[in-house]
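*Asks:* So that we are looking at the same thing, I have put the structure below in structure tokens.
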Amino acid sequence: MRKLLTIGLLLFVSSLTAYPQPAKDVLPTREMDRINWMDFKAAVPSKVNTVLLPTGTLEPHGVANNGADNTAPTAIAKTIAERTNAMIAPTLSYGITGSMEAYPGAFQISEAAYRPFVKQILEGLVKNGFRNIIIVNGHGGGQTAVLQSVAAEVATEKRVRTLVINWWSFASDETKEVFGEDGGHAGWNETAFIQAIDKTLVHPEKYTGPEMTTPYPPAGTYSAVPFPSSIGLYQKGQGFPRFDQAKADLYYKKVTDKIAGLIIDTVKKWDLAGL
């Protein structure tokens with residue numbers, strides 16, 4: 001019996017050698033607001049020189065939470081941080097909301113206030129030793145243009161590398177692949193993404209059907225402020241919320257894998273180019 005136990009133990013140890021276990025993360029935490037200054041100093045930039053900055057806003061999202069634009073990029077950052085060897089900066093939860101500002105619980109920050117605030121945050125990340133600043137953005141409209149502009153300014157002025165990712169646009173192919181149609185603001189794709197993160201934030205019982213939605217108008221046709229529905233469809237007749245958990249989970253995995261791949265590939269090419 002002892003001999004059999006010894007052989008079994010040897011086989012078990014051998015299997016561990018043949019199939020190494022995942023290495024423990026090099027950091028006690030990837031979140032900048034949870035790490036202490038001594039551990040941060042030991043890690044940045046010698047072990048980690050990339051930071052993920054989630055950005056969003058507060059506005060209505062159909063039957064999902066008002067903070068969906070913060071929930072999504074924050075979850076993305078937490079999912080991919082170790083894979084991309086990045087720290088996670090605290091989420092910028094207030095933004096340029098635009099035509100949905102009138103809805104209850106929404107906040108609107110003017111571009112005049114938002115632009116310098118974001119720029120100083122990016123400059124602070126540079127000061128703290130980060131060379132690759134990745135903005136994971138959860139909100140569109142005028143905010144996208146401001147983030148891209150400010151990130152480009154900081155990259156040029158501080159000689160660092162910046163990347164701005166609008167997750168829902170970048171994932172448009174995955175939206176059509178998983179759901180078989182286009183999505184929308186608080187449509188099937190975005191609602192599913194939040195459902196995959198935390199299903200308690202989505203309330204299917206409050207969805208009364210297509211009358212809760214409005215297709216976005218073609219460019220140059222008309223403009224309504226406030227936007228008449230909290231669910232805006234990219235294509236007429238497509239993207240109505242369906243609340244399919246299996247598809248939601250699949251979509252989340254595909255999107256986060258794609259975003260991680262983009263970051264890894266971009267940093268690799270920056271390095272190869274010596275930039």
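By order of appearance in the structure tokens: chains A, B, ..., then residues from 1 within every chain, and ligands from 1 in the order shown.
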Running DSSP on the backbone, which parts of stretch 106-253 of chain A land in helix (DSSP H, G or I), as a ChimeraX atom specification?
*Replies:* /A:111-127,142-158,167-170,172-179,188-197,199-201,204-206,210-212,245-253
*Asks:* Might you pull out every residue within 8 Å of A:Glu181, with only C-alpha atoms counted and same-chain residues fewer than 4 positions away left off, and present them as a ChimeraX atom specification?
*Replies:* /A:175-177,238-239
*Asks:* Output as CSV one row per residue of stretch 238-265 of chain A within 12 Å of stretch 131-145 of chain A: the closest atom pair and its distance in Å to one decimal place, counting only C-alpha atoms, sorted by chain and residue number ascending.
*Replies:*
```
residue,atom,partner,partner_atom,distance
A:Thr256,CA,A:Val136,CA,11.0
A:Ile259,CA,A:Val136,CA,9.1
A:Ala260,CA,A:Val136,CA,10.8
A:Leu262,CA,A:Ile134,CA,10.7
A:Ile263,CA,A:Ile134,CA,7.9
A:Ile264,CA,A:Asn132,CA,10.8
```
*Asks:* Output C-alpha atoms of each residue in that selection to a file, as a PDB file, in the first residue's frame.
*Replies:*
```
ATOM      1  CA  THR A 256     -12.750  41.340 -23.617  1.00  0.00           C
ATOM      2  CA  ILE A 259      -9.722  44.314 -26.459  1.00  0.00           C
ATOM      3  CA  ALA A 260      -6.880  42.538 -24.656  1.00  0.00           C
ATOM      4  CA  LEU A 262      -5.571  44.935 -29.386  1.00  0.00           C
ATOM      5  CA  ILE A 263      -3.675  46.314 -26.400  1.00  0.00           C
ATOM      6  CA  ILE A 264      -1.056  43.570 -26.434  1.00  0.00           C
TER       7      ILE A 264
END
```
*Asks:* Go ahead and compute the interatomic distance for atom CA of A:Thr29 and atom CA of A:Asn49, in Å to one decimal.
*Replies:*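 Calculated distance between atom CA of A:Thr29 and atom CA of A:Asn49 is 14.8 Å.
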*Asks:* From stretch 97-224 of chain A, collect each residue whose DSSP state is strand (DSSP E) and return the set as a ChimeraX atom specification.
*Replies:* /A:132-137,161-166,184-185,213-215
*Asks:* For A:Lys253, find every residue with an atom within 12 Å (counting only C-alpha atoms), except residues of its own chain fewer than 4 positions away, and show them as a list in words.
*Replies:*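 So the residues in contact are Ala75, Ile76, Thr79, Ile80, Ala171, Glu174, Thr175, Val178, Ala192, Phe193, Ala196, Ile197, Ala246, Lys247, Ala248, Asp249, Asp257, Lys258, Ile259 and Ala260 of chain A.
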*Asks:* Go ahead and write the selection's residues with N, CA and C atoms as a compact mmCIF listing (two decimals), in the first residue's frame.
*Replies:*
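again.txt, written as the output of this step:
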```
# COMPACT_ATOMS: atom_id res chain seq x y z
N ALA A 75 -15.26 46.83 -15.62
CA ALA A 75 -15.19 45.37 -15.66
C ALA A 75 -14.18 44.90 -16.69
N ILE A 76 -14.15 45.55 -17.84
CA ILE A 76 -13.18 45.19 -18.88
C ILE A 76 -11.77 45.31 -18.32
N THR A 79 -10.90 42.58 -15.95
CA THR A 79 -10.79 41.28 -16.62
C THR A 79 -9.46 41.13 -17.36
N ILE A 80 -8.96 42.21 -17.94
CA ILE A 80 -7.78 42.10 -18.81
C ILE A 80 -6.50 42.63 -18.20
N ALA A 171 -16.23 46.49 -30.88
CA ALA A 171 -16.82 45.15 -30.84
C ALA A 171 -18.00 44.99 -31.78
N GLU A 174 -18.31 41.58 -33.28
CA GLU A 174 -18.72 40.57 -32.30
C GLU A 174 -20.22 40.69 -32.00
N THR A 175 -20.73 41.92 -32.02
CA THR A 175 -22.16 42.12 -31.81
C THR A 175 -22.96 41.38 -32.87
N VAL A 178 -22.49 37.40 -32.51
CA VAL A 178 -23.17 36.74 -31.40
C VAL A 178 -24.68 36.88 -31.49
N ALA A 192 -26.72 43.18 -22.74
CA ALA A 192 -26.13 41.85 -22.53
C ALA A 192 -24.77 41.96 -21.85
N PHE A 193 -24.01 42.95 -22.23
CA PHE A 193 -22.68 43.14 -21.64
C PHE A 193 -22.80 43.38 -20.13
N ALA A 196 -23.87 40.22 -18.32
CA ALA A 196 -22.77 39.29 -18.10
C ALA A 196 -21.92 39.71 -16.90
N ILE A 197 -21.82 41.01 -16.67
CA ILE A 197 -21.03 41.53 -15.55
C ILE A 197 -21.76 41.34 -14.23
N ALA A 246 -26.76 33.15 -21.85
CA ALA A 246 -25.69 32.42 -22.52
C ALA A 246 -25.02 33.30 -23.58
N LYS A 247 -25.82 34.01 -24.35
CA LYS A 247 -25.24 34.90 -25.37
C LYS A 247 -24.53 36.09 -24.71
N ALA A 248 -25.07 36.54 -23.59
CA ALA A 248 -24.43 37.65 -22.87
C ALA A 248 -23.03 37.25 -22.41
N ASP A 249 -22.91 36.06 -21.83
CA ASP A 249 -21.61 35.59 -21.35
C ASP A 249 -20.63 35.37 -22.49
N ASP A 257 -11.66 39.53 -24.85
CA ASP A 257 -10.52 38.91 -25.54
C ASP A 257 -10.02 39.80 -26.66
N LYS A 258 -10.94 40.39 -27.41
CA LYS A 258 -10.54 41.23 -28.54
C LYS A 258 -9.83 42.49 -28.06
N ILE A 259 -10.34 43.09 -26.99
CA ILE A 259 -9.72 44.31 -26.46
C ILE A 259 -8.33 44.01 -25.91
N ALA A 260 -8.20 42.92 -25.17
CA ALA A 260 -6.88 42.54 -24.66
C ALA A 260 -5.91 42.31 -25.81
```
*Asks:* If we count only C-alpha atoms, what is near A:His203 at a cut-off of 12 Å, once residues fewer than 6 positions away on the same chain are taken out, given as a ChimeraX atom specification?
*Replies:* /A:61-65,191-192,194-195,241-243
*Asks:* What does the distance between atom CA of A:Ser169 and atom CA of A:Leu52 come to in Å, to one decimal place?
*Replies:*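 Atom CA of A:Leu52 lies at a distance of 18.0 Å from atom CA of A:Ser169.
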*Asks:* Between atom CA of A:Val118 and atom CA of A:Val225, what distance in Å does the model show, to one decimal?
*Replies:*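 Interatomic distance here is 26.0 Å.
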